>>> print(open('my_file-v4.pdb').read())   # PDB, N, CA and C atoms
MODEL        1
ATOM      1  N   MET F   1      -1.016  -3.241   6.844
ATOM      2  CA  MET F   1      -1.007  -1.818   7.133
ATOM      3  C   MET F   1      -2.101  -1.471   8.142
ATOM      4  N   GLN F   2      -3.168  -2.237   8.087
ATOM      5  CA  GLN F   2      -4.280  -1.976   8.992
ATOM      6  C   GLN F   2      -3.842  -2.083  10.451
ATOM      7  N   ASP F   3      -3.082  -3.133  10.775
ATOM      8  CA  ASP F   3      -2.664  -3.345  12.168
ATOM      9  C   ASP F   3      -1.724  -2.249  12.660
ATOM     10  N   ALA F   4      -0.950  -1.669  11.753
ATOM     11  CA  ALA F   4       0.013  -0.631  12.129
ATOM     12  C   ALA F   4      -0.504   0.770  11.826
ATOM     13  N   PHE F   5      -1.746   0.889  11.401
ATOM     14  CA  PHE F   5      -2.277   2.166  10.920
ATOM     15  C   PHE F   5      -2.112   3.298  11.933
ATOM     16  N   GLU F   6      -2.448   3.065  13.177
ATOM     17  CA  GLU F   6      -2.361   4.120  14.190
ATOM     18  C   GLU F   6      -0.914   4.611  14.353
ATOM     19  N   LYS F   7       0.019   3.690  14.434
ATOM     20  CA  LYS F   7       1.429   4.067  14.577
ATOM     21  C   LYS F   7       1.947   4.750  13.312
ATOM     22  N   LEU F   8       1.470   4.308  12.162
ATOM     23  CA  LEU F   8       1.881   4.947  10.908
ATOM     24  C   LEU F   8       1.396   6.392  10.849
ATOM     25  N   THR F   9       0.148   6.617  11.225
ATOM     26  CA  THR F   9      -0.371   7.985  11.183
ATOM     27  C   THR F   9       0.317   8.870  12.215
ATOM     28  N   GLU F  10       0.736   8.292  13.345
ATOM     29  CA  GLU F  10       1.517   9.054  14.328
ATOM     30  C   GLU F  10       2.839   9.520  13.709
ATOM     31  N   GLN F  11       3.352   8.753  12.757
ATOM     32  CA  GLN F  11       4.591   9.095  12.061
ATOM     33  C   GLN F  11       4.328   9.956  10.820
ATOM     34  N   LYS F  12       3.098  10.437  10.689
ATOM     35  CA  LYS F  12       2.683  11.292   9.571
ATOM     36  C   LYS F  12       2.695  10.561   8.225
ATOM     37  N   VAL F  13       2.456   9.239   8.262
ATOM     38  CA  VAL F  13       2.385   8.433   7.049
ATOM     39  C   VAL F  13       0.923   8.367   6.599
ATOM     40  N   SER F  14       0.690   8.640   5.332
ATOM     41  CA  SER F  14      -0.629   8.454   4.729
ATOM     42  C   SER F  14      -0.623   7.104   4.030
ATOM     43  N   VAL F  15      -1.647   6.311   4.267
ATOM     44  CA  VAL F  15      -1.729   4.966   3.703
ATOM     45  C   VAL F  15      -2.815   4.937   2.632
ATOM     46  N   PHE F  16      -2.450   4.380   1.467
ATOM     47  CA  PHE F  16      -3.395   4.161   0.384
ATOM     48  C   PHE F  16      -3.194   2.738  -0.119
ATOM     49  N   GLY F  17      -4.275   2.033  -0.312
ATOM     50  CA  GLY F  17      -4.203   0.710  -0.918
ATOM     51  C   GLY F  17      -4.643   0.830  -2.367
ATOM     52  N   VAL F  18      -3.917   0.174  -3.256
ATOM     53  CA  VAL F  18      -4.241   0.222  -4.683
ATOM     54  C   VAL F  18      -4.340  -1.199  -5.187
ATOM     55  N   SER F  19      -5.385  -1.493  -5.944
ATOM     56  CA  SER F  19      -5.473  -2.798  -6.590
ATOM     57  C   SER F  19      -6.189  -2.636  -7.928
ATOM     58  N   THR F  20      -6.150  -3.692  -8.697
ATOM     59  CA  THR F  20      -6.779  -3.654 -10.016
ATOM     60  C   THR F  20      -8.266  -3.983  -9.946
ATOM     61  N   ASN F  21      -8.798  -4.152  -8.741
ATOM     62  CA  ASN F  21     -10.234  -4.382  -8.586
ATOM     63  C   ASN F  21     -11.020  -3.119  -8.891
ATOM     64  N   ASP F  22     -12.294  -3.282  -9.198
ATOM     65  CA  ASP F  22     -13.136  -2.122  -9.465
ATOM     66  C   ASP F  22     -13.589  -1.481  -8.152
ATOM     67  N   VAL F  23     -14.215  -0.334  -8.262
ATOM     68  CA  VAL F  23     -14.623   0.445  -7.088
ATOM     69  C   VAL F  23     -15.577  -0.350  -6.195
ATOM     70  N   ALA F  24     -16.538  -1.045  -6.782
ATOM     71  CA  ALA F  24     -17.508  -1.809  -5.986
ATOM     72  C   ALA F  24     -16.815  -2.907  -5.178
ATOM     73  N   THR F  25     -15.875  -3.586  -5.778
ATOM     74  CA  THR F  25     -15.129  -4.629  -5.080
ATOM     75  C   THR F  25     -14.283  -4.032  -3.968
ATOM     76  N   GLN F  26     -13.667  -2.881  -4.247
ATOM     77  CA  GLN F  26     -12.866  -2.195  -3.228
ATOM     78  C   GLN F  26     -13.735  -1.811  -2.031
ATOM     79  N   LEU F  27     -14.904  -1.263  -2.315
ATOM     80  CA  LEU F  27     -15.809  -0.837  -1.248
ATOM     81  C   LEU F  27     -16.250  -2.030  -0.396
ATOM     82  N   LYS F  28     -16.586  -3.121  -1.049
ATOM     83  CA  LYS F  28     -17.007  -4.327  -0.331
ATOM     84  C   LYS F  28     -15.869  -4.831   0.573
ATOM     85  N   PHE F  29     -14.661  -4.875   0.044
ATOM     86  CA  PHE F  29     -13.509  -5.339   0.813
ATOM     87  C   PHE F  29     -13.218  -4.400   1.989
ATOM     88  N   SER F  30     -13.239  -3.102   1.721
ATOM     89  CA  SER F  30     -12.967  -2.114   2.756
ATOM     90  C   SER F  30     -13.972  -2.217   3.897
ATOM     91  N   THR F  31     -15.220  -2.407   3.555
ATOM     92  CA  THR F  31     -16.275  -2.531   4.554
ATOM     93  C   THR F  31     -16.102  -3.819   5.358
ATOM     94  N   LYS F  32     -15.865  -4.914   4.666
ATOM     95  CA  LYS F  32     -15.701  -6.216   5.318
ATOM     96  C   LYS F  32     -14.520  -6.196   6.289
ATOM     97  N   GLU F  33     -13.404  -5.633   5.858
ATOM     98  CA  GLU F  33     -12.194  -5.620   6.674
ATOM     99  C   GLU F  33     -12.115  -4.426   7.627
ATOM    100  N   LYS F  34     -13.100  -3.523   7.536
ATOM    101  CA  LYS F  34     -13.146  -2.325   8.382
ATOM    102  C   LYS F  34     -11.859  -1.509   8.260
ATOM    103  N   LEU F  35     -11.439  -1.295   7.026
ATOM    104  CA  LEU F  35     -10.205  -0.553   6.774
ATOM    105  C   LEU F  35     -10.392   0.924   7.102
ATOM    106  N   ASN F  36      -9.351   1.522   7.624
ATOM    107  CA  ASN F  36      -9.419   2.940   7.952
ATOM    108  C   ASN F  36      -8.473   3.747   7.061
ATOM    109  N   TYR F  37      -8.152   3.211   5.892
ATOM    110  CA  TYR F  37      -7.379   3.945   4.902
ATOM    111  C   TYR F  37      -8.063   3.826   3.546
ATOM    112  N   THR F  38      -7.664   4.681   2.646
ATOM    113  CA  THR F  38      -8.297   4.792   1.338
ATOM    114  C   THR F  38      -7.820   3.700   0.388
ATOM    115  N   LEU F  39      -8.765   3.103  -0.316
ATOM    116  CA  LEU F  39      -8.441   2.160  -1.376
ATOM    117  C   LEU F  39      -8.667   2.839  -2.719
ATOM    118  N   VAL F  40      -7.773   2.583  -3.648
ATOM    119  CA  VAL F  40      -7.847   3.164  -4.980
ATOM    120  C   VAL F  40      -8.015   2.039  -5.991
ATOM    121  N   ALA F  41      -9.015   2.168  -6.851
ATOM    122  CA  ALA F  41      -9.253   1.177  -7.900
ATOM    123  C   ALA F  41      -8.404   1.520  -9.126
ATOM    124  N   ASP F  42      -7.529   0.607  -9.495
ATOM    125  CA  ASP F  42      -6.630   0.787 -10.648
ATOM    126  C   ASP F  42      -7.042  -0.188 -11.747
ATOM    127  N   LYS F  43      -8.305  -0.096 -12.125
ATOM    128  CA  LYS F  43      -8.876  -1.042 -13.096
ATOM    129  C   LYS F  43      -8.107  -1.051 -14.411
ATOM    130  N   ASP F  44      -7.615   0.102 -14.840
ATOM    131  CA  ASP F  44      -6.883   0.161 -16.113
ATOM    132  C   ASP F  44      -5.387  -0.127 -15.945
ATOM    133  N   LYS F  45      -4.972  -0.424 -14.714
ATOM    134  CA  LYS F  45      -3.599  -0.834 -14.383
ATOM    135  C   LYS F  45      -2.545   0.243 -14.643
ATOM    136  N   GLN F  46      -2.943   1.477 -14.705
ATOM    137  CA  GLN F  46      -1.996   2.557 -14.959
ATOM    138  C   GLN F  46      -1.101   2.846 -13.755
ATOM    139  N   VAL F  47      -1.637   2.725 -12.545
ATOM    140  CA  VAL F  47      -0.817   2.930 -11.350
ATOM    141  C   VAL F  47       0.209   1.795 -11.242
ATOM    142  N   ALA F  48      -0.247   0.566 -11.452
ATOM    143  CA  ALA F  48       0.671  -0.581 -11.427
ATOM    144  C   ALA F  48       1.779  -0.404 -12.457
ATOM    145  N   LYS F  49       1.418   0.044 -13.621
ATOM    146  CA  LYS F  49       2.405   0.258 -14.685
ATOM    147  C   LYS F  49       3.399   1.356 -14.286
ATOM    148  N   ALA F  50       2.902   2.447 -13.748
ATOM    149  CA  ALA F  50       3.759   3.571 -13.364
ATOM    150  C   ALA F  50       4.764   3.175 -12.279
ATOM    151  N   PHE F  51       4.344   2.295 -11.361
ATOM    152  CA  PHE F  51       5.213   1.853 -10.279
ATOM    153  C   PHE F  51       5.944   0.557 -10.606
ATOM    154  N   LYS F  52       5.787   0.095 -11.833
ATOM    155  CA  LYS F  52       6.434  -1.140 -12.301
ATOM    156  C   LYS F  52       6.115  -2.324 -11.406
ATOM    157  N   VAL F  53       4.842  -2.424 -11.038
ATOM    158  CA  VAL F  53       4.380  -3.535 -10.213
ATOM    159  C   VAL F  53       3.985  -4.686 -11.151
ATOM    160  N   PRO F  54       4.586  -5.853 -10.951
ATOM    161  CA  PRO F  54       4.243  -6.991 -11.802
ATOM    162  C   PRO F  54       2.779  -7.402 -11.629
ATOM    163  N   LEU F  55       2.208  -7.877 -12.702
ATOM    164  CA  LEU F  55       0.835  -8.370 -12.675
ATOM    165  C   LEU F  55       0.849  -9.891 -12.704
ATOM    166  N   ILE F  56      -0.007 -10.479 -11.909
ATOM    167  CA  ILE F  56      -0.157 -11.930 -11.879
ATOM    168  C   ILE F  56      -1.225 -12.294 -12.895
ATOM    169  N   MET F  57      -0.856 -13.126 -13.864
ATOM    170  CA  MET F  57      -1.758 -13.525 -14.951
ATOM    171  C   MET F  57      -2.319 -12.313 -15.682
ATOM    172  N   ASN F  58      -1.542 -11.247 -15.742
ATOM    173  CA  ASN F  58      -1.921  -9.990 -16.399
ATOM    174  C   ASN F  58      -3.211  -9.384 -15.833
ATOM    175  N   MET F  59      -3.533  -9.716 -14.583
ATOM    176  CA  MET F  59      -4.781  -9.239 -13.983
ATOM    177  C   MET F  59      -4.567  -8.560 -12.631
ATOM    178  N   MET F  60      -3.891  -9.248 -11.736
ATOM    179  CA  MET F  60      -3.810  -8.812 -10.353
ATOM    180  C   MET F  60      -2.397  -8.315 -10.049
ATOM    181  N   ALA F  61      -2.306  -7.160  -9.415
ATOM    182  CA  ALA F  61      -1.011  -6.584  -9.069
ATOM    183  C   ALA F  61      -0.395  -7.325  -7.885
ATOM    184  N   SER F  62       0.909  -7.546  -7.944
ATOM    185  CA  SER F  62       1.635  -8.129  -6.817
ATOM    186  C   SER F  62       1.643  -7.137  -5.663
ATOM    187  N   ARG F  63       1.639  -7.641  -4.445
ATOM    188  CA  ARG F  63       1.634  -6.767  -3.270
ATOM    189  C   ARG F  63       2.989  -6.071  -3.129
ATOM    190  N   ARG F  64       2.950  -4.773  -2.964
ATOM    191  CA  ARG F  64       4.145  -3.949  -2.793
ATOM    192  C   ARG F  64       3.815  -2.841  -1.805
ATOM    193  N   ALA F  65       4.853  -2.191  -1.281
ATOM    194  CA  ALA F  65       4.671  -0.992  -0.463
ATOM    195  C   ALA F  65       5.733   0.011  -0.864
ATOM    196  N   PHE F  66       5.330   1.274  -0.925
ATOM    197  CA  PHE F  66       6.234   2.361  -1.291
ATOM    198  C   PHE F  66       6.108   3.448  -0.238
ATOM    199  N   LEU F  67       7.234   4.017   0.151
ATOM    200  CA  LEU F  67       7.242   5.093   1.133
ATOM    201  C   LEU F  67       7.899   6.305   0.477
ATOM    202  N   PHE F  68       7.160   7.396   0.460
ATOM    203  CA  PHE F  68       7.653   8.640  -0.130
ATOM    204  C   PHE F  68       7.811   9.685   0.955
ATOM    205  N   LYS F  69       8.822  10.529   0.793
ATOM    206  CA  LYS F  69       8.983  11.689   1.672
ATOM    207  C   LYS F  69       9.224  12.887   0.765
ATOM    208  N   ASP F  70       8.392  13.893   0.923
ATOM    209  CA  ASP F  70       8.477  15.098   0.101
ATOM    210  C   ASP F  70       8.475  14.767  -1.390
ATOM    211  N   GLY F  71       7.654  13.778  -1.765
ATOM    212  CA  GLY F  71       7.500  13.416  -3.171
ATOM    213  C   GLY F  71       8.598  12.548  -3.746
ATOM    214  N   VAL F  72       9.532  12.106  -2.896
ATOM    215  CA  VAL F  72      10.657  11.288  -3.361
ATOM    216  C   VAL F  72      10.541   9.884  -2.757
ATOM    217  N   LEU F  73      10.688   8.878  -3.588
ATOM    218  CA  LEU F  73      10.667   7.497  -3.114
ATOM    219  C   LEU F  73      11.889   7.262  -2.218
ATOM    220  N   VAL F  74      11.637   6.889  -0.951
ATOM    221  CA  VAL F  74      12.730   6.687  -0.011
ATOM    222  C   VAL F  74      12.850   5.235   0.455
ATOM    223  N   TRP F  75      11.840   4.409   0.169
ATOM    224  CA  TRP F  75      11.870   3.017   0.582
ATOM    225  C   TRP F  75      10.796   2.264  -0.189
ATOM    226  N   ARG F  76      11.067   0.986  -0.439
ATOM    227  CA  ARG F  76      10.040   0.155  -1.060
ATOM    228  C   ARG F  76      10.187  -1.270  -0.566
ATOM    229  N   ASP F  77       9.079  -1.954  -0.509
ATOM    230  CA  ASP F  77       9.019  -3.350  -0.103
ATOM    231  C   ASP F  77       8.488  -4.126  -1.299
ATOM    232  N   LEU F  78       9.312  -4.960  -1.870
ATOM    233  CA  LEU F  78       8.909  -5.701  -3.062
ATOM    234  C   LEU F  78       8.384  -7.095  -2.731
ATOM    235  N   LYS F  79       8.364  -7.452  -1.449
ATOM    236  CA  LYS F  79       7.869  -8.770  -1.043
ATOM    237  C   LYS F  79       6.386  -8.719  -0.688
ATOM    238  N   GLY F  80       6.006  -7.701   0.029
ATOM    239  CA  GLY F  80       4.606  -7.485   0.358
ATOM    240  C   GLY F  80       3.968  -8.505   1.271
ATOM    241  N   ALA F  81       4.577  -8.809   2.397
ATOM    242  CA  ALA F  81       3.965  -9.715   3.366
ATOM    243  C   ALA F  81       2.886  -8.974   4.138
ATOM    244  N   THR F  82       1.656  -9.362   3.950
ATOM    245  CA  THR F  82       0.514  -8.665   4.539
ATOM    246  C   THR F  82       0.639  -8.481   6.045
ATOM    247  N   LYS F  83       1.018  -9.520   6.750
ATOM    248  CA  LYS F  83       1.027  -9.481   8.215
ATOM    249  C   LYS F  83       2.152  -8.637   8.797
ATOM    250  N   THR F  84       3.225  -8.427   8.043
ATOM    251  CA  THR F  84       4.383  -7.715   8.600
ATOM    252  C   THR F  84       4.674  -6.390   7.913
ATOM    253  N   GLN F  85       3.943  -6.065   6.874
ATOM    254  CA  GLN F  85       4.288  -4.894   6.073
ATOM    255  C   GLN F  85       4.239  -3.585   6.855
ATOM    256  N   GLY F  86       3.232  -3.391   7.674
ATOM    257  CA  GLY F  86       3.145  -2.172   8.477
ATOM    258  C   GLY F  86       4.334  -2.027   9.405
ATOM    259  N   ALA F  87       4.708  -3.120  10.072
ATOM    260  CA  ALA F  87       5.870  -3.103  10.963
ATOM    261  C   ALA F  87       7.150  -2.824  10.179
ATOM    262  N   GLU F  88       7.236  -3.354   8.969
ATOM    263  CA  GLU F  88       8.412  -3.124   8.137
ATOM    264  C   GLU F  88       8.523  -1.655   7.721
ATOM    265  N   VAL F  89       7.403  -1.033   7.430
ATOM    266  CA  VAL F  89       7.409   0.398   7.103
ATOM    267  C   VAL F  89       7.868   1.202   8.315
ATOM    268  N   LEU F  90       7.336   0.883   9.483
ATOM    269  CA  LEU F  90       7.753   1.582  10.707
ATOM    270  C   LEU F  90       9.238   1.394  10.968
ATOM    271  N   GLN F  91       9.753   0.192  10.728
ATOM    272  CA  GLN F  91      11.187  -0.065  10.912
ATOM    273  C   GLN F  91      12.008   0.746   9.925
ATOM    274  N   ALA F  92      11.555   0.838   8.677
ATOM    275  CA  ALA F  92      12.266   1.626   7.671
ATOM    276  C   ALA F  92      12.307   3.106   8.058
ATOM    277  N   ILE F  93      11.213   3.609   8.606
ATOM    278  CA  ILE F  93      11.174   5.000   9.059
ATOM    279  C   ILE F  93      12.203   5.205  10.162
ATOM    280  N   LYS F  94      12.249   4.280  11.104
ATOM    281  CA  LYS F  94      13.182   4.376  12.234
ATOM    282  C   LYS F  94      14.639   4.289  11.752
ATOM    283  N   GLU F  95      14.939   3.299  10.919
ATOM    284  CA  GLU F  95      16.298   3.071  10.467
ATOM    285  C   GLU F  95      16.837   4.200   9.576
ATOM    286  N   ASN F  96      15.947   4.835   8.850
ATOM    287  CA  ASN F  96      16.367   5.870   7.915
ATOM    288  C   ASN F  96      16.081   7.276   8.415
ATOM    289  N   SER F  97      15.683   7.402   9.669
ATOM    290  CA  SER F  97      15.359   8.698  10.273
ATOM    291  C   SER F  97      14.412   9.510   9.406
ATOM    292  N   LEU F  98      13.358   8.876   8.950
ATOM    293  CA  LEU F  98      12.387   9.550   8.076
ATOM    294  C   LEU F  98      11.294  10.210   8.871
TER     295      LEU F  98
ENDMDL
END
>>> encode(input="my_file-v4.pdb", output="structure tokens")
Amino acid sequence: MQDAFEKLTEQKVSVFGVSTNDVATQLKFSTKEKLNYTLVADKDKQVAKAFKVPLIMNMMASRRAFLFKDGVLVWRDLKGATKTQGAEVLQAIKENSL
């Protein structure tokens, strides 16, 4: 998402990263990677549970992407390829006229 962030924001997409890491770990990662989007710490796994995201070894959430428009889920990526996910979101926006 980082590589496509500028194009995503041009399309009025807000990007949030969620993981089961704690706030300190999120901050360290965000700083190291120079992320320009918000990371959310889901230490109690409630966000993962709400979105039915599988947990690896009951600890780490599998990578997923969800696209909402006007509060309605309009697209999701259940594979979560880090290098292509931003481009895939942009393609979904284009293909679905979102």
>>> atom_distance(input="my_file-v4.pdb", atom1="atom N of F:Ser30", atom2="atom CA of F:Gln85")
18.1 Å
>>> resolve_selection(input="my_file-v4.pdb", expression="the PyMOL selection byres (((chain F and resi 38 and name CA) around 12) and name CA)", output="list in words")
Met1, Gln2, Phe5, Ser14, Val15, Phe16, Gly17, Val18, Ser19, Val23, Gln26, Leu27, Phe29, Ser30, Thr31, Lys34, Leu35, Asn36, Tyr37, Leu39, Val40 and Ala41 of chain F
>>> write_last_selection(input="my_file-v4.pdb", atoms="N, CA and C atoms", output="PDB file, keeping the file's coordinate frame")
ATOM      1  N   MET F   1      -1.016  -3.241   6.844  1.00  0.00           N
ATOM      2  CA  MET F   1      -1.007  -1.818   7.133  1.00  0.00           C
ATOM      3  C   MET F   1      -2.101  -1.471   8.142  1.00  0.00           C
ATOM      4  N   GLN F   2      -3.168  -2.237   8.087  1.00  0.00           N
ATOM      5  CA  GLN F   2      -4.280  -1.976   8.992  1.00  0.00           C
ATOM      6  C   GLN F   2      -3.842  -2.083  10.451  1.00  0.00           C
ATOM      7  N   PHE F   5      -1.746   0.889  11.401  1.00  0.00           N
ATOM      8  CA  PHE F   5      -2.277   2.166  10.920  1.00  0.00           C
ATOM      9  C   PHE F   5      -2.112   3.298  11.933  1.00  0.00           C
ATOM     10  N   SER F  14       0.690   8.640   5.332  1.00  0.00           N
ATOM     11  CA  SER F  14      -0.629   8.454   4.729  1.00  0.00           C
ATOM     12  C   SER F  14      -0.623   7.104   4.030  1.00  0.00           C
ATOM     13  N   VAL F  15      -1.647   6.311   4.267  1.00  0.00           N
ATOM     14  CA  VAL F  15      -1.729   4.966   3.703  1.00  0.00           C
ATOM     15  C   VAL F  15      -2.815   4.937   2.632  1.00  0.00           C
ATOM     16  N   PHE F  16      -2.450   4.380   1.467  1.00  0.00           N
ATOM     17  CA  PHE F  16      -3.395   4.161   0.384  1.00  0.00           C
ATOM     18  C   PHE F  16      -3.194   2.738  -0.119  1.00  0.00           C
ATOM     19  N   GLY F  17      -4.275   2.033  -0.312  1.00  0.00           N
ATOM     20  CA  GLY F  17      -4.203   0.710  -0.918  1.00  0.00           C
ATOM     21  C   GLY F  17      -4.643   0.830  -2.367  1.00  0.00           C
ATOM     22  N   VAL F  18      -3.917   0.174  -3.256  1.00  0.00           N
ATOM     23  CA  VAL F  18      -4.241   0.222  -4.683  1.00  0.00           C
ATOM     24  C   VAL F  18      -4.340  -1.199  -5.187  1.00  0.00           C
ATOM     25  N   SER F  19      -5.385  -1.493  -5.944  1.00  0.00           N
ATOM     26  CA  SER F  19      -5.473  -2.798  -6.590  1.00  0.00           C
ATOM     27  C   SER F  19      -6.189  -2.636  -7.928  1.00  0.00           C
ATOM     28  N   VAL F  23     -14.215  -0.334  -8.262  1.00  0.00           N
ATOM     29  CA  VAL F  23     -14.623   0.445  -7.088  1.00  0.00           C
ATOM     30  C   VAL F  23     -15.577  -0.350  -6.195  1.00  0.00           C
ATOM     31  N   GLN F  26     -13.667  -2.881  -4.247  1.00  0.00           N
ATOM     32  CA  GLN F  26     -12.866  -2.195  -3.228  1.00  0.00           C
ATOM     33  C   GLN F  26     -13.735  -1.811  -2.031  1.00  0.00           C
ATOM     34  N   LEU F  27     -14.904  -1.263  -2.315  1.00  0.00           N
ATOM     35  CA  LEU F  27     -15.809  -0.837  -1.248  1.00  0.00           C
ATOM     36  C   LEU F  27     -16.250  -2.030  -0.396  1.00  0.00           C
ATOM     37  N   PHE F  29     -14.661  -4.875   0.044  1.00  0.00           N
ATOM     38  CA  PHE F  29     -13.509  -5.339   0.813  1.00  0.00           C
ATOM     39  C   PHE F  29     -13.218  -4.400   1.989  1.00  0.00           C
ATOM     40  N   SER F  30     -13.239  -3.102   1.721  1.00  0.00           N
ATOM     41  CA  SER F  30     -12.967  -2.114   2.756  1.00  0.00           C
ATOM     42  C   SER F  30     -13.972  -2.217   3.897  1.00  0.00           C
ATOM     43  N   THR F  31     -15.220  -2.407   3.555  1.00  0.00           N
ATOM     44  CA  THR F  31     -16.275  -2.531   4.554  1.00  0.00           C
ATOM     45  C   THR F  31     -16.102  -3.819   5.358  1.00  0.00           C
ATOM     46  N   LYS F  34     -13.100  -3.523   7.536  1.00  0.00           N
ATOM     47  CA  LYS F  34     -13.146  -2.325   8.382  1.00  0.00           C
ATOM     48  C   LYS F  34     -11.859  -1.509   8.260  1.00  0.00           C
ATOM     49  N   LEU F  35     -11.439  -1.295   7.026  1.00  0.00           N
ATOM     50  CA  LEU F  35     -10.205  -0.553   6.774  1.00  0.00           C
ATOM     51  C   LEU F  35     -10.392   0.924   7.102  1.00  0.00           C
ATOM     52  N   ASN F  36      -9.351   1.522   7.624  1.00  0.00           N
ATOM     53  CA  ASN F  36      -9.419   2.940   7.952  1.00  0.00           C
ATOM     54  C   ASN F  36      -8.473   3.747   7.061  1.00  0.00           C
ATOM     55  N   TYR F  37      -8.152   3.211   5.892  1.00  0.00           N
ATOM     56  CA  TYR F  37      -7.379   3.945   4.902  1.00  0.00           C
ATOM     57  C   TYR F  37      -8.063   3.826   3.546  1.00  0.00           C
ATOM     58  N   LEU F  39      -8.765   3.103  -0.316  1.00  0.00           N
ATOM     59  CA  LEU F  39      -8.441   2.160  -1.376  1.00  0.00           C
ATOM     60  C   LEU F  39      -8.667   2.839  -2.719  1.00  0.00           C
ATOM     61  N   VAL F  40      -7.773   2.583  -3.648  1.00  0.00           N
ATOM     62  CA  VAL F  40      -7.847   3.164  -4.980  1.00  0.00           C
ATOM     63  C   VAL F  40      -8.015   2.039  -5.991  1.00  0.00           C
ATOM     64  N   ALA F  41      -9.015   2.168  -6.851  1.00  0.00           N
ATOM     65  CA  ALA F  41      -9.253   1.177  -7.900  1.00  0.00           C
ATOM     66  C   ALA F  41      -8.404   1.520  -9.126  1.00  0.00           C
TER      67      ALA F  41
END
>>> residues_around(input="my_file-v4.pdb", residues="F:Ala65", least_positions_apart="5", cutoff="7 Å", atoms="all atoms listed in the file", output="list in words")
Trp75, Arg76, Asp77, Leu78, Lys79 and Gly80 of chain F
>>> write_last_selection(input="my_file-v4.pdb", atoms="N, CA and C atoms", output="PDB file, in the frame of the given file")
ATOM      1  N   TRP F  75      11.840   4.409   0.169  1.00  0.00           N
ATOM      2  CA  TRP F  75      11.870   3.017   0.582  1.00  0.00           C
ATOM      3  C   TRP F  75      10.796   2.264  -0.189  1.00  0.00           C
ATOM      4  N   ARG F  76      11.067   0.986  -0.439  1.00  0.00           N
ATOM      5  CA  ARG F  76      10.040   0.155  -1.060  1.00  0.00           C
ATOM      6  C   ARG F  76      10.187  -1.270  -0.566  1.00  0.00           C
ATOM      7  N   ASP F  77       9.079  -1.954  -0.509  1.00  0.00           N
ATOM      8  CA  ASP F  77       9.019  -3.350  -0.103  1.00  0.00           C
ATOM      9  C   ASP F  77       8.488  -4.126  -1.299  1.00  0.00           C
ATOM     10  N   LEU F  78       9.312  -4.960  -1.870  1.00  0.00           N
ATOM     11  CA  LEU F  78       8.909  -5.701  -3.062  1.00  0.00           C
ATOM     12  C   LEU F  78       8.384  -7.095  -2.731  1.00  0.00           C
ATOM     13  N   LYS F  79       8.364  -7.452  -1.449  1.00  0.00           N
ATOM     14  CA  LYS F  79       7.869  -8.770  -1.043  1.00  0.00           C
ATOM     15  C   LYS F  79       6.386  -8.719  -0.688  1.00  0.00           C
ATOM     16  N   GLY F  80       6.006  -7.701   0.029  1.00  0.00           N
ATOM     17  CA  GLY F  80       4.606  -7.485   0.358  1.00  0.00           C
ATOM     18  C   GLY F  80       3.968  -8.505   1.271  1.00  0.00           C
TER      19      GLY F  80
END
>>> atom_distance(input="my_file-v4.pdb", atom1="atom CA of F:Glu6", atom2="atom CA of F:Gly71")
22.0 Å
>>> axis_aligned_box(input="my_file-v4.pdb", around="stretch 37-52 of chain F", padding_each_side="3 Å", output="lines of an AutoDock Vina configuration file")
center_x = -1.4
center_y = 1.2
center_z = -5.1
size_x = 21.7
size_y = 13.1
size_z = 28.0
>>> atom_distance(input="my_file-v4.pdb", atom1="atom CA of F:Asn21", atom2="atom CA of F:Asp42")
6.6 Å
>>> select_by_dssp(input="my_file-v4.pdb", residues="chain F", states="helix (DSSP H, G or I)", output="PyMOL selection string")
chain F and resi 5-10+23-33+46-50+85-95
>>> closest_residue(input="my_file-v4.pdb", among="F:Met59, F:Val74, F:Leu8, F:Val53", to="F:Thr20", atoms="all atoms listed in the file")
F:Met59
>>> closest_residue(input="my_file-v4.pdb", among="F:Ala50, F:Leu55, F:Leu67, F:Met60", to="F:Leu90", atoms="only C-alpha atoms")
F:Leu67
>>> select_by_dssp(input="my_file-v4.pdb", residues="chain F", states="strand (DSSP E or B)", output="MDAnalysis selection string")
chainID F and resid 16:19 38:41 55:56 60:61 65:69 72:77
>>> residues_near_point(input="my_file-v4.pdb", point="(9.7, 5.3, 11.5)", cutoff="10 Å", atoms="only C-alpha atoms", output="list in words")
Lys7, Leu8, Glu10, Gln11, Lys12, Val13, Ala87, Glu88, Val89, Leu90, Gln91, Ala92, Ile93, Lys94, Glu95, Asn96, Ser97 and Leu98 of chain F
>>> closest_residue(input="my_file-v4.pdb", among="F:Val72, F:Asn58, F:Thr9, F:Lys43", to="F:Asp22", atoms="all atoms listed in the file")
F:Lys43
